[in-house]
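Let me begin by presenting the structure, written as structure tokens, before commenting on it.
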Amino acid sequence: AMAITAPKTKNEPLTAGLVVIGVIPNLQQKGLGTLLQKEFERKAIDMGAKRLSLSVRKQNERAIKSYLKNGYKKSDENETSFIMTKDLI
């Protein structure tokens with residue numbers, strides 16, 4: 001699922017947030033997560049988003065590795081999660 005958030009300031013880009021993504025264990029490591037990420041990115045661009053954002057639990061090393069491989073950067077964190085973003089502009 002995804003959500004589009006309006007910019008808080010004029011200088012902040014329109015952001016699409018990835019709310020939830022998952023691949024069942026027996027289908028992991030087959031590129032399906034990357035395909036889902038690419039489709040999310042395509043839909044976000046179609047909706048006018050200039051940035052992607054998501055939250056991932058710190059212990060979810062496989063997901064973090066996948067997001068980094070697909071161009072996301074860690075932009076913030078709290079006790080349990082990293083906030084990761086990817087600029088589309």
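Just remember, in the structure tokens the first chain shown is A, the second B, etc., residues are 1-based per chain, and ligands are 1-based in the order shown.
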
List as number ranges by chain the protein and nucleic acid residues near A:Lys69, meaning an atom at most 12 Å away when only C-alpha atoms are counted, but skip any in the same chain fewer than 6 places from it. A: 31, 33-34, 37-38, 62-63, 86

Taking N, CA and C atoms for each residue, export the selection above as a compact mmCIF listing (two decimals), in the first residue's frame.
```
# COMPACT_ATOMS: atom_id res chain seq x y z
N GLY A 31 13.85 -11.80 -6.54
CA GLY A 31 13.68 -10.53 -7.23
C GLY A 31 12.28 -9.94 -7.15
N GLY A 33 10.70 -8.65 -4.52
CA GLY A 33 10.71 -7.41 -3.74
C GLY A 33 11.17 -6.24 -4.59
N THR A 34 12.18 -6.46 -5.40
CA THR A 34 12.66 -5.41 -6.30
C THR A 34 11.59 -5.04 -7.31
N GLN A 37 9.09 -2.89 -5.59
CA GLN A 37 9.64 -1.55 -5.38
C GLN A 37 9.59 -0.73 -6.67
N LYS A 38 9.96 -1.35 -7.78
CA LYS A 38 9.95 -0.65 -9.08
C LYS A 38 8.53 -0.23 -9.46
N ARG A 62 17.63 -7.94 5.63
CA ARG A 62 17.41 -8.30 4.22
C ARG A 62 16.67 -7.17 3.49
N ALA A 63 15.64 -6.61 4.12
CA ALA A 63 14.88 -5.51 3.50
C ALA A 63 15.76 -4.27 3.37
N LYS A 86 14.19 8.05 -1.06
CA LYS A 86 14.80 8.01 -2.39
C LYS A 86 14.25 9.19 -3.17
```

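Near A:Val20, within a cut-off of 12 Å and counting only C-alpha atoms, sit the residues A:Ala1, A:Met2, A:Ala3, A:Gly17, A:Leu18, A:Gly22, A:Val23, A:Gly33, A:Leu36, A:Gln37, A:Phe40, A:Ser53, A:Leu54, A:Ser55, A:Val56, A:Arg57, A:Ala63, with same-chain residues fewer than 2 positions away left out.
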
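The space between atom CA of A:Asn26 and atom CA of A:Thr85 spans 27.7 Å.
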
What residues in chain A get the DSSP label helix (DSSP H, G or I)? Please answer as a PyMOL selection string. chain A and resi 25-27+32-46+61-69

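Going from atom CA of A:Gln59 to atom CA of A:Ala16 covers 23.6 Å.
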